[in-house]
>>> print(open('structure_10.cif').read())   # mmCIF, C-alpha atoms and all ligand atoms
data_my_file
#
loop_
_atom_site.group_PDB
_atom_site.id
_atom_site.type_symbol
_atom_site.label_atom_id
_atom_site.label_comp_id
_atom_site.auth_asym_id
_atom_site.auth_seq_id
_atom_site.Cartn_x
_atom_site.Cartn_y
_atom_site.Cartn_z
ATOM 1 C CA MET A 278 0.000 0.000 0.000
ATOM 2 C CA LYS A 279 1.389 3.408 -1.015
ATOM 3 C CA THR A 280 1.718 5.921 1.808
ATOM 4 C CA ILE A 281 2.225 9.665 2.214
ATOM 5 C CA GLU A 282 4.132 11.461 4.951
ATOM 6 C CA LEU A 283 2.152 13.950 7.036
ATOM 7 C CA ASN A 284 3.559 17.284 8.294
ATOM 8 C CA ASN A 285 4.580 15.675 11.602
ATOM 9 C CA GLY A 286 6.486 12.857 9.889
ATOM 10 C CA ILE A 287 3.996 10.026 10.333
ATOM 11 C CA LYS A 288 3.006 7.822 7.410
ATOM 12 C CA MET A 289 -0.574 7.433 6.199
ATOM 13 C CA PRO A 290 -1.935 5.014 3.552
ATOM 14 C CA LEU A 291 -3.105 6.739 0.354
ATOM 15 C CA LEU A 292 -6.151 4.534 0.026
ATOM 16 C CA GLY A 293 -8.544 3.512 2.756
ATOM 17 C CA TYR A 294 -12.052 2.386 3.560
ATOM 18 C CA GLY A 295 -14.819 4.707 4.808
ATOM 19 C CA VAL A 296 -17.820 3.593 6.864
ATOM 20 C CA TYR A 297 -20.271 6.499 6.557
ATOM 21 C CA LEU A 298 -23.827 5.078 6.457
ATOM 22 C CA VAL A 299 -22.620 1.583 7.319
ATOM 23 C CA SER A 300 -25.079 0.504 9.996
ATOM 24 C CA PRO A 301 -23.765 -0.370 13.454
ATOM 25 C CA GLN A 302 -24.950 -3.959 12.795
ATOM 26 C CA ASP A 303 -23.030 -4.328 9.508
ATOM 27 C CA CYS A 304 -19.958 -2.348 10.431
ATOM 28 C CA GLU A 305 -17.910 -5.097 12.074
ATOM 29 C CA ARG A 306 -18.437 -7.441 9.103
ATOM 30 C CA CYS A 307 -17.667 -4.700 6.554
ATOM 31 C CA VAL A 308 -14.462 -3.588 8.274
ATOM 32 C CA ARG A 309 -13.296 -7.194 8.711
ATOM 33 C CA ASP A 310 -13.917 -7.769 4.994
ATOM 34 C CA ALA A 311 -12.107 -4.553 4.135
ATOM 35 C CA ILE A 312 -9.066 -5.473 6.227
ATOM 36 C CA ARG A 313 -9.039 -8.992 4.782
ATOM 37 C CA THR A 314 -9.183 -7.444 1.305
ATOM 38 C CA GLY A 315 -6.072 -5.416 2.115
ATOM 39 C CA TYR A 316 -7.270 -2.025 3.409
ATOM 40 C CA ARG A 317 -5.249 -0.687 6.316
ATOM 41 C CA LEU A 318 -6.781 2.784 6.720
ATOM 42 C CA ILE A 319 -10.301 2.884 8.187
ATOM 43 C CA ASP A 320 -12.266 6.147 8.360
ATOM 44 C CA THR A 321 -15.115 6.454 10.863
ATOM 45 C CA ALA A 322 -16.609 9.258 12.981
ATOM 46 C CA GLN A 323 -18.450 9.717 16.257
ATOM 47 C CA ALA A 324 -21.490 10.788 14.201
ATOM 48 C CA TYR A 325 -21.545 7.531 12.196
ATOM 49 C CA TYR A 326 -22.520 5.647 15.366
ATOM 50 C CA ASN A 327 -20.450 2.669 14.281
ATOM 51 C CA GLU A 328 -17.135 3.160 16.101
ATOM 52 C CA GLU A 329 -17.914 0.046 18.198
ATOM 53 C CA GLY A 330 -18.164 -2.048 15.016
ATOM 54 C CA VAL A 331 -14.811 -0.722 13.846
ATOM 55 C CA GLY A 332 -13.318 -1.508 17.262
ATOM 56 C CA ALA A 333 -14.677 -5.055 17.251
ATOM 57 C CA ALA A 334 -13.329 -5.621 13.735
ATOM 58 C CA ILE A 335 -9.843 -4.343 14.442
ATOM 59 C CA GLN A 336 -9.648 -6.438 17.578
ATOM 60 C CA ALA A 337 -10.729 -9.616 15.770
ATOM 61 C CA CYS A 338 -9.030 -9.127 12.391
ATOM 62 C CA GLY A 339 -5.648 -10.624 13.272
ATOM 63 C CA VAL A 340 -3.703 -7.697 11.784
ATOM 64 C CA PRO A 341 -1.494 -5.966 14.371
ATOM 65 C CA ARG A 342 -2.838 -2.591 15.500
ATOM 66 C CA SER A 343 0.454 -0.979 14.441
ATOM 67 C CA GLU A 344 -0.281 -1.913 10.803
ATOM 68 C CA LEU A 345 -3.695 -0.242 10.854
ATOM 69 C CA PHE A 346 -4.418 3.459 10.526
ATOM 70 C CA LEU A 347 -7.629 4.607 12.240
ATOM 71 C CA THR A 348 -9.329 7.926 11.622
ATOM 72 C CA THR A 349 -12.264 9.261 13.608
ATOM 73 C CA LYS A 350 -13.867 12.689 13.972
ATOM 74 C CA VAL A 351 -15.246 14.772 16.839
ATOM 75 C CA TRP A 352 -18.895 15.696 16.224
ATOM 76 C CA ILE A 353 -20.517 19.110 16.818
ATOM 77 C CA SER A 354 -22.337 18.047 20.002
ATOM 78 C CA ASN A 355 -18.950 17.117 21.479
ATOM 79 C CA SER A 356 -17.357 20.464 20.601
ATOM 80 C CA GLY A 357 -15.632 22.575 23.251
ATOM 81 C CA GLU A 358 -12.726 21.663 25.485
ATOM 82 C CA GLU A 359 -14.450 19.509 28.114
ATOM 83 C CA ARG A 360 -16.898 17.670 25.877
ATOM 84 C CA ALA A 361 -14.282 17.003 23.240
ATOM 85 C CA ALA A 362 -11.916 15.561 25.867
ATOM 86 C CA HIS A 363 -14.615 13.225 27.131
ATOM 87 C CA SER A 364 -15.597 12.240 23.584
ATOM 88 C CA ILE A 365 -12.020 11.369 22.630
ATOM 89 C CA ASP A 366 -11.845 8.964 25.567
ATOM 90 C CA GLU A 367 -15.207 7.509 24.496
ATOM 91 C CA SER A 368 -13.935 7.029 20.929
ATOM 92 C CA LEU A 369 -10.835 5.266 22.248
ATOM 93 C CA ARG A 370 -13.017 2.967 24.324
ATOM 94 C CA LYS A 371 -15.396 2.199 21.447
ATOM 95 C CA LEU A 372 -12.536 1.659 19.009
ATOM 96 C CA ARG A 373 -10.831 -0.647 21.563
ATOM 97 C CA THR A 374 -7.503 1.067 21.118
ATOM 98 C CA ASP A 375 -5.236 3.286 23.166
ATOM 99 C CA TYR A 376 -4.471 5.656 20.306
ATOM 100 C CA ILE A 377 -6.183 7.116 17.253
ATOM 101 C CA ASP A 378 -3.949 7.628 14.213
ATOM 102 C CA LEU A 379 -5.776 10.675 12.893
ATOM 103 C CA LEU A 380 -8.416 12.716 14.706
ATOM 104 C CA LEU A 381 -10.397 15.376 12.825
ATOM 105 C CA VAL A 382 -12.786 18.163 13.777
ATOM 106 C CA HIS A 383 -15.748 16.860 11.776
ATOM 107 C CA GLN A 384 -17.556 20.117 11.009
ATOM 108 C CA PRO A 385 -16.755 23.836 11.149
ATOM 109 C CA PHE A 386 -19.628 24.471 13.579
ATOM 110 C CA GLY A 387 -19.869 24.702 17.364
ATOM 111 C CA ASP A 388 -16.854 25.521 19.543
ATOM 112 C CA TYR A 389 -14.315 24.027 17.166
ATOM 113 C CA TYR A 390 -11.469 26.106 18.603
ATOM 114 C CA GLY A 391 -12.045 24.470 21.976
ATOM 115 C CA THR A 392 -12.207 21.094 20.263
ATOM 116 C CA TYR A 393 -8.951 21.688 18.430
ATOM 117 C CA ARG A 394 -7.148 22.819 21.595
ATOM 118 C CA THR A 395 -8.282 19.593 23.276
ATOM 119 C CA MET A 396 -7.065 17.618 20.267
ATOM 120 C CA GLU A 397 -3.677 19.307 20.590
ATOM 121 C CA ARG A 398 -3.552 18.142 24.216
ATOM 122 C CA ALA A 399 -4.566 14.599 23.205
ATOM 123 C CA TYR A 400 -1.800 14.655 20.601
ATOM 124 C CA ARG A 401 0.786 15.697 23.186
ATOM 125 C CA ALA A 402 -0.506 13.015 25.571
ATOM 126 C CA GLY A 403 0.018 10.333 22.905
ATOM 127 C CA LYS A 404 -3.676 9.510 22.505
ATOM 128 C CA VAL A 405 -3.615 10.727 18.916
ATOM 129 C CA ARG A 406 -0.818 10.531 16.318
ATOM 130 C CA ALA A 407 -2.030 13.357 14.064
ATOM 131 C CA ILE A 408 -4.812 15.948 14.098
ATOM 132 C CA GLY A 409 -6.714 17.784 11.409
ATOM 133 C CA LEU A 410 -9.993 19.134 10.094
ATOM 134 C CA SER A 411 -12.904 18.244 7.883
ATOM 135 C CA ASN A 412 -15.147 20.518 5.802
ATOM 136 C CA PHE A 413 -13.228 23.714 6.636
ATOM 137 C CA TYR A 414 -13.033 25.989 3.606
ATOM 138 C CA GLY A 415 -11.244 29.227 2.755
ATOM 139 C CA ALA A 416 -10.970 31.819 5.521
ATOM 140 C CA ARG A 417 -12.195 29.419 8.222
ATOM 141 C CA PHE A 418 -9.396 27.001 7.410
ATOM 142 C CA VAL A 419 -6.741 29.742 7.273
ATOM 143 C CA ASP A 420 -7.915 31.338 10.533
ATOM 144 C CA LEU A 421 -7.632 28.080 12.441
ATOM 145 C CA ALA A 422 -4.389 26.993 10.782
ATOM 146 C CA GLU A 423 -2.797 30.388 11.555
ATOM 147 C CA ASN A 424 -3.930 30.477 15.186
ATOM 148 C CA MET A 425 -3.256 26.956 16.411
ATOM 149 C CA ASP A 426 0.124 25.643 17.541
ATOM 150 C CA ILE A 427 -0.175 22.376 15.649
ATOM 151 C CA LYS A 428 -0.882 22.893 11.971
ATOM 152 C CA PRO A 429 -3.617 20.557 10.670
ATOM 153 C CA ALA A 430 -1.940 17.468 9.209
ATOM 154 C CA VAL A 431 -4.974 16.608 7.096
ATOM 155 C CA LEU A 432 -8.078 18.339 5.770
ATOM 156 C CA GLN A 433 -10.878 16.027 4.682
ATOM 157 C CA LEU A 434 -13.077 17.555 1.962
ATOM 158 C CA GLU A 435 -15.532 16.334 -0.642
ATOM 159 C CA THR A 436 -13.120 15.572 -3.485
ATOM 160 C CA HIS A 437 -13.522 13.614 -6.701
ATOM 161 C CA VAL A 438 -12.908 14.018 -10.418
ATOM 162 C CA PHE A 439 -15.713 16.594 -10.684
ATOM 163 C CA ALA A 440 -14.582 18.509 -7.556
ATOM 164 C CA GLN A 441 -10.789 18.530 -7.497
ATOM 165 C CA GLN A 442 -10.361 21.245 -4.834
ATOM 166 C CA LYS A 443 -7.643 23.111 -6.725
ATOM 167 C CA GLU A 444 -8.076 26.365 -4.784
ATOM 168 C CA MET A 445 -8.058 24.682 -1.369
ATOM 169 C CA ARG A 446 -5.022 22.575 -2.285
ATOM 170 C CA GLY A 447 -3.103 25.808 -2.917
ATOM 171 C CA LEU A 448 -4.038 27.150 0.537
ATOM 172 C CA MET A 449 -3.348 23.855 2.276
ATOM 173 C CA ALA A 450 0.147 23.620 0.821
ATOM 174 C CA GLU A 451 1.108 26.696 2.904
ATOM 175 C CA TYR A 452 0.581 24.670 6.089
ATOM 176 C CA GLY A 453 1.760 21.289 4.833
ATOM 177 C CA THR A 454 -1.824 20.023 5.207
ATOM 178 C CA ARG A 455 -2.673 16.963 3.108
ATOM 179 C CA LEU A 456 -5.996 16.467 1.368
ATOM 180 C CA MET A 457 -8.148 13.456 2.231
ATOM 181 C CA ALA A 458 -11.027 12.896 -0.197
ATOM 182 C CA TRP A 459 -14.462 12.094 1.162
ATOM 183 C CA GLY A 460 -16.944 10.964 -1.485
ATOM 184 C CA PRO A 461 -14.082 10.006 -3.832
ATOM 185 C CA LEU A 462 -16.599 8.215 -6.099
ATOM 186 C CA ALA A 463 -18.881 11.283 -6.022
ATOM 187 C CA GLN A 464 -20.935 9.394 -3.420
ATOM 188 C CA GLY A 465 -21.930 6.710 -5.905
ATOM 189 C CA SER A 466 -23.135 9.153 -8.555
ATOM 190 C CA ASP A 467 -24.039 7.662 -11.942
ATOM 191 C CA ALA A 468 -22.329 10.630 -13.575
ATOM 192 C CA LEU A 469 -18.996 9.193 -12.464
ATOM 193 C CA PHE A 470 -19.701 5.560 -13.294
ATOM 194 C CA THR A 471 -20.919 6.485 -16.805
ATOM 195 C CA ASP A 472 -18.511 9.328 -17.587
ATOM 196 C CA ALA A 473 -17.235 8.946 -21.171
ATOM 197 C CA THR A 474 -13.718 10.298 -20.499
ATOM 198 C CA LEU A 475 -13.153 7.869 -17.627
ATOM 199 C CA LYS A 476 -14.656 5.075 -19.713
ATOM 200 C CA ALA A 477 -12.338 5.693 -22.675
ATOM 201 C CA ILE A 478 -9.278 5.791 -20.395
ATOM 202 C CA GLY A 479 -10.458 2.714 -18.519
ATOM 203 C CA ALA A 480 -10.934 0.777 -21.765
ATOM 204 C CA LYS A 481 -7.237 1.270 -22.574
ATOM 205 C CA HIS A 482 -6.142 -0.100 -19.204
ATOM 206 C CA GLY A 483 -8.853 -2.707 -18.666
ATOM 207 C CA LYS A 484 -10.155 -0.765 -15.641
ATOM 208 C CA THR A 485 -13.547 0.561 -14.488
ATOM 209 C CA ASN A 486 -14.512 4.217 -14.110
ATOM 210 C CA ALA A 487 -14.262 3.833 -10.317
ATOM 211 C CA GLN A 488 -10.704 2.503 -10.607
ATOM 212 C CA ILE A 489 -9.622 5.309 -12.955
ATOM 213 C CA ALA A 490 -11.183 7.949 -10.672
ATOM 214 C CA LEU A 491 -9.375 6.528 -7.618
ATOM 215 C CA LYS A 492 -6.085 6.091 -9.479
ATOM 216 C CA PHE A 493 -6.226 9.758 -10.493
ATOM 217 C CA LEU A 494 -6.635 10.871 -6.851
ATOM 218 C CA MET A 495 -3.772 8.626 -5.804
ATOM 219 C CA ASP A 496 -1.529 10.101 -8.518
ATOM 220 C CA GLU A 497 -2.386 13.581 -7.222
ATOM 221 C CA GLY A 498 -1.242 12.544 -3.724
ATOM 222 C CA ILE A 499 -4.788 12.724 -2.348
ATOM 223 C CA VAL A 500 -5.862 10.129 0.234
ATOM 224 C CA ALA A 501 -9.155 8.474 -0.799
ATOM 225 C CA ILE A 502 -11.537 6.435 1.361
ATOM 226 C CA PRO A 503 -14.183 4.860 -0.906
ATOM 227 C CA LYS A 504 -17.018 3.055 0.810
ATOM 228 C CA SER A 505 -18.810 -0.101 -0.222
ATOM 229 C CA ALA A 506 -20.501 -2.826 1.767
ATOM 230 C CA HIS A 507 -19.792 -5.313 -1.077
ATOM 231 C CA VAL A 508 -16.572 -7.309 -1.051
ATOM 232 C CA GLU A 509 -16.272 -7.333 -4.866
ATOM 233 C CA ARG A 510 -16.324 -3.526 -4.894
ATOM 234 C CA MET A 511 -13.858 -3.340 -2.008
ATOM 235 C CA VAL A 512 -11.533 -5.508 -4.125
ATOM 236 C CA GLU A 513 -12.177 -3.449 -7.273
ATOM 237 C CA ASN A 514 -11.473 -0.139 -5.535
ATOM 238 C CA LEU A 515 -8.208 -1.436 -4.115
ATOM 239 C CA ASP A 516 -6.999 -2.940 -7.382
ATOM 240 C CA ILE A 517 -5.423 0.183 -8.876
ATOM 241 C CA ASP A 518 -1.744 -0.701 -8.882
ATOM 242 C CA GLY A 519 -0.054 -2.358 -11.838
ATOM 243 C CA PHE A 520 -0.935 0.285 -14.419
ATOM 244 C CA GLU A 521 -0.082 3.957 -14.947
ATOM 245 C CA LEU A 522 -2.166 6.830 -16.270
ATOM 246 C CA THR A 523 -0.351 8.826 -18.953
ATOM 247 C CA ALA A 524 0.181 12.588 -18.592
ATOM 248 C CA ASP A 525 -2.436 13.169 -21.322
ATOM 249 C CA GLU A 526 -4.941 10.972 -19.500
ATOM 250 C CA ARG A 527 -4.358 12.843 -16.246
ATOM 251 C CA ASP A 528 -4.855 16.137 -18.101
ATOM 252 C CA ALA A 529 -8.121 14.894 -19.583
ATOM 253 C CA ILE A 530 -9.329 13.954 -16.071
ATOM 254 C CA ARG A 531 -8.222 17.358 -14.737
ATOM 255 C CA ARG A 532 -10.581 18.912 -17.278
ATOM 256 C CA LEU A 533 -13.552 17.090 -15.681
ATOM 257 C CA ASP A 534 -13.268 19.409 -12.675
ATOM 258 C CA THR A 535 -16.347 21.647 -12.295
ATOM 259 C CA GLY A 536 -14.937 23.495 -9.289
ATOM 260 C CA MET A 537 -18.222 22.680 -7.512
ATOM 261 C CA THR A 538 -19.020 20.329 -4.644
ATOM 262 C CA LYS A 539 -22.425 18.866 -3.823
ATOM 263 C CA ALA A 540 -22.150 19.946 -0.181
ATOM 264 C CA ASP A 541 -21.765 23.675 0.548
ATOM 265 C CA PHE A 542 -20.457 24.359 4.059
ATOM 266 C CA ASN A 543 -20.959 28.103 3.665
ATOM 267 C CA ASP A 544 -24.689 27.630 3.113
ATOM 268 C CA PRO A 545 -26.732 28.547 6.235
ATOM 269 C CA ALA A 546 -29.138 25.723 5.349
ATOM 270 C CA MET A 547 -26.221 23.263 5.618
ATOM 271 C CA ALA A 548 -25.365 24.583 9.091
ATOM 272 C CA LYS A 549 -28.996 24.204 10.152
ATOM 273 C CA TYR A 550 -29.210 20.710 8.665
ATOM 274 C CA LEU A 551 -26.101 19.558 10.534
ATOM 275 C CA LEU A 552 -27.325 21.092 13.783
ATOM 276 C CA GLU A 553 -30.669 19.322 13.315
ATOM 277 C CA TYR A 554 -28.896 16.042 12.540
ATOM 278 C CA ASP A 555 -27.125 16.507 15.790
ATOM 279 C CA LYS A 556 -30.358 17.086 17.705
ATOM 280 C CA CYS A 557 -31.963 14.009 16.096
ATOM 281 C CA PHE A 558 -29.304 11.730 17.500
ATOM 282 C CA ASN A 559 -28.696 13.643 20.741
ATOM 283 C CA PRO A 560 -32.146 14.668 21.912
ATOM 284 C CA GLY A 561 -30.729 15.753 25.279
ATOM 285 C CA ASN A 562 -28.592 18.505 23.727
HETATM 286 P P1 LIG B 601 -18.130 7.307 -1.993
HETATM 287 O O1 LIG B 601 -17.700 8.305 -3.012
HETATM 288 O O2 LIG B 601 -17.139 6.429 -1.364
HETATM 289 O O3 LIG B 601 -19.279 6.474 -2.707
HETATM 290 C C1 LIG B 601 -19.921 5.436 -2.031
HETATM 291 C C2 LIG B 601 -21.012 4.855 -2.931
HETATM 292 O O4 LIG B 601 -20.424 4.337 -4.128
HETATM 293 C C3 LIG B 601 -21.736 3.706 -2.269
HETATM 294 O O5 LIG B 601 -23.092 3.801 -2.619
HETATM 295 C C4 LIG B 601 -21.113 2.461 -2.883
HETATM 296 O O6 LIG B 601 -21.945 1.382 -2.896
HETATM 297 C C5 LIG B 601 -20.755 2.966 -4.278
HETATM 298 N N1 LIG B 601 -19.566 2.273 -4.794
HETATM 299 C C6 LIG B 601 -18.391 2.098 -4.146
HETATM 300 N N2 LIG B 601 -17.510 1.477 -4.953
HETATM 301 C C7 LIG B 601 -18.148 1.247 -6.126
HETATM 302 C C8 LIG B 601 -17.752 0.641 -7.334
HETATM 303 N N3 LIG B 601 -16.529 0.160 -7.495
HETATM 304 N N4 LIG B 601 -18.676 0.556 -8.340
HETATM 305 C C9 LIG B 601 -19.915 1.057 -8.190
HETATM 306 N N5 LIG B 601 -20.346 1.656 -7.042
HETATM 307 C C10 LIG B 601 -19.464 1.743 -6.031
HETATM 308 O O7 LIG B 601 -18.982 8.137 -0.892
HETATM 309 P P2 LIG B 601 -19.005 8.214 0.686
HETATM 310 O O8 LIG B 601 -19.245 6.914 1.325
HETATM 311 O O9 LIG B 601 -19.973 9.291 1.030
HETATM 312 O O10 LIG B 601 -17.534 8.716 1.058
HETATM 313 C C11 LIG B 601 -16.508 7.818 1.437
HETATM 314 C C12 LIG B 601 -16.145 7.977 2.886
HETATM 315 O O11 LIG B 601 -15.795 9.343 3.165
HETATM 316 C C13 LIG B 601 -17.301 7.729 3.857
HETATM 317 O O12 LIG B 601 -17.590 6.376 4.015
HETATM 318 C C14 LIG B 601 -16.806 8.408 5.096
HETATM 319 O O13 LIG B 601 -15.844 7.607 5.752
HETATM 320 C C15 LIG B 601 -16.161 9.661 4.498
HETATM 321 N N6 LIG B 601 -17.076 10.829 4.496
HETATM 322 C C16 LIG B 601 -16.750 11.914 5.246
HETATM 323 C C17 LIG B 601 -17.567 13.035 5.256
HETATM 324 C C18 LIG B 601 -17.186 14.232 6.086
HETATM 325 O O14 LIG B 601 -18.030 15.100 6.316
HETATM 326 N N7 LIG B 601 -15.962 14.311 6.549
HETATM 327 C C19 LIG B 601 -18.746 13.064 4.493
HETATM 328 C C20 LIG B 601 -19.063 11.941 3.734
HETATM 329 C C21 LIG B 601 -18.218 10.836 3.728
#
>>> encode(input="structure_10.cif", output="structure tokens", more="lines below")
Ligand code: NAD
Amino acid sequence: MKTIELNNGIKMPLLGYGVYLVSPQDCERCVRDAIRTGYRLIDTAQAYYNEEGVGAAIQACGVPRSELFLTTKVWISNSGEERAAHSIDESLRKLRTDYIDLLLVHQPFGDYYGTYRTMERAYRAGKVRAIGLSNFYGARFVDLAENMDIKPAVLQLETHVFAQQKEMRGLMAEYGTRLMAWGPLAQGSDALFTDATLKAIGAKHGKTNAQIALKFLMDEGIVAIPKSAHVERMVENLDIDGFELTADERDAIRRLDTGMTKADFNDPAMAKYLLEYDKCFNPGN
């Protein structure tokens, strides 16, 4: 598995497995399948309500913990110094581990400065090997990166062939922050699986649109975490070594970029939706 080096020197796999919308019941089986298939990076979050499944899988999988790379994220309802501290300990307990490889602030809402300060403390205490952000754009990202002692090692953003995050990648380079793509298959959009450019390139290499889309991200040095509950797709998404995209092919894929994401984190309706989501699952808050 190819790796990248983060701004604090630790290594992170370039391809991993995400478990958003994998039910708590299915999660252990899915993560065990993913690890058996060869994935070593697993991406979960407090708000996915399946950290226990990930923990059970990593305990039972037979692969040493040191060979796995676990990412989780602090949710809005756990923002602020005290709540975040408690939630990190809860995540460690649910994940059945004494350290998290990468911990992210999940959303740019709530007291995320307090959360980040707590994450810095967890990092110094050895509970976390790297810290970063998710869904922070533009000025919000710069403000936090400028003001915090530990520069974000990773920023997780919606990224795929139609949303290549060129502007953000320029900003992130100033802080040595690496891009991690959520929704790397455009969240299962038909537009990606039927795209003619990807199809023509795939035909030359005997690969599917999904494989070409993931290979492109890997070539750009972007970590991708495609999700599938099906073993054949887990295998397909991992099977992207053993061929190379040409410079012309990469250029053609670069031209698919629309500069637009599906999710807009500057939209007040998005903030309200995420705060409602939070209330749904945490009626006491
Ligand atoms: P994705 O781009 O990984 O697409 C997943 C969809 O594509 C699923 O419906 C799956 O069945 C389908 N699929 C997967 N492989 C396929 C293949 N080879 N052929 C055909 N269909 C295939 O979208 P995602 O799950 O939303 O994103 C991946 C991961 O990113 C998540 O699981 C989660 O870990 C993370 N994520 C993070 C955030 C965030 O706010 N930070 C948001 C969404 C997702």
>>> residues_around(input="structure_10.cif", residues="stretch 444-447 of chain A", least_positions_apart="2", cutoff="8 Å", atoms="only C-alpha atoms", output="VMD selection string")
chain A and resid 414 to 415 442 449 to 451 456
>>> atom_distance(input="structure_10.cif", atom1="atom CA of A:Lys371", atom2="atom CA of A:Tyr550")
26.4 Å
>>> resolve_selection(input="structure_10.cif", expression="the PyMOL selection byres (((chain A and resi 460) around 9) and not hetatm)", output="VMD selection string")
chain A and resid 434 to 437 458 to 459 461 to 465 501 to 504
>>> atom_distance(input="structure_10.cif", atom1="atom CA of A:Asn514", atom2="atom CA of A:Phe413")
26.8 Å
>>> atom_distance(input="structure_10.cif", atom1="atom CA of A:Asp467", atom2="atom O8 of ligand LIG 601 (chain B)")
14.1 Å
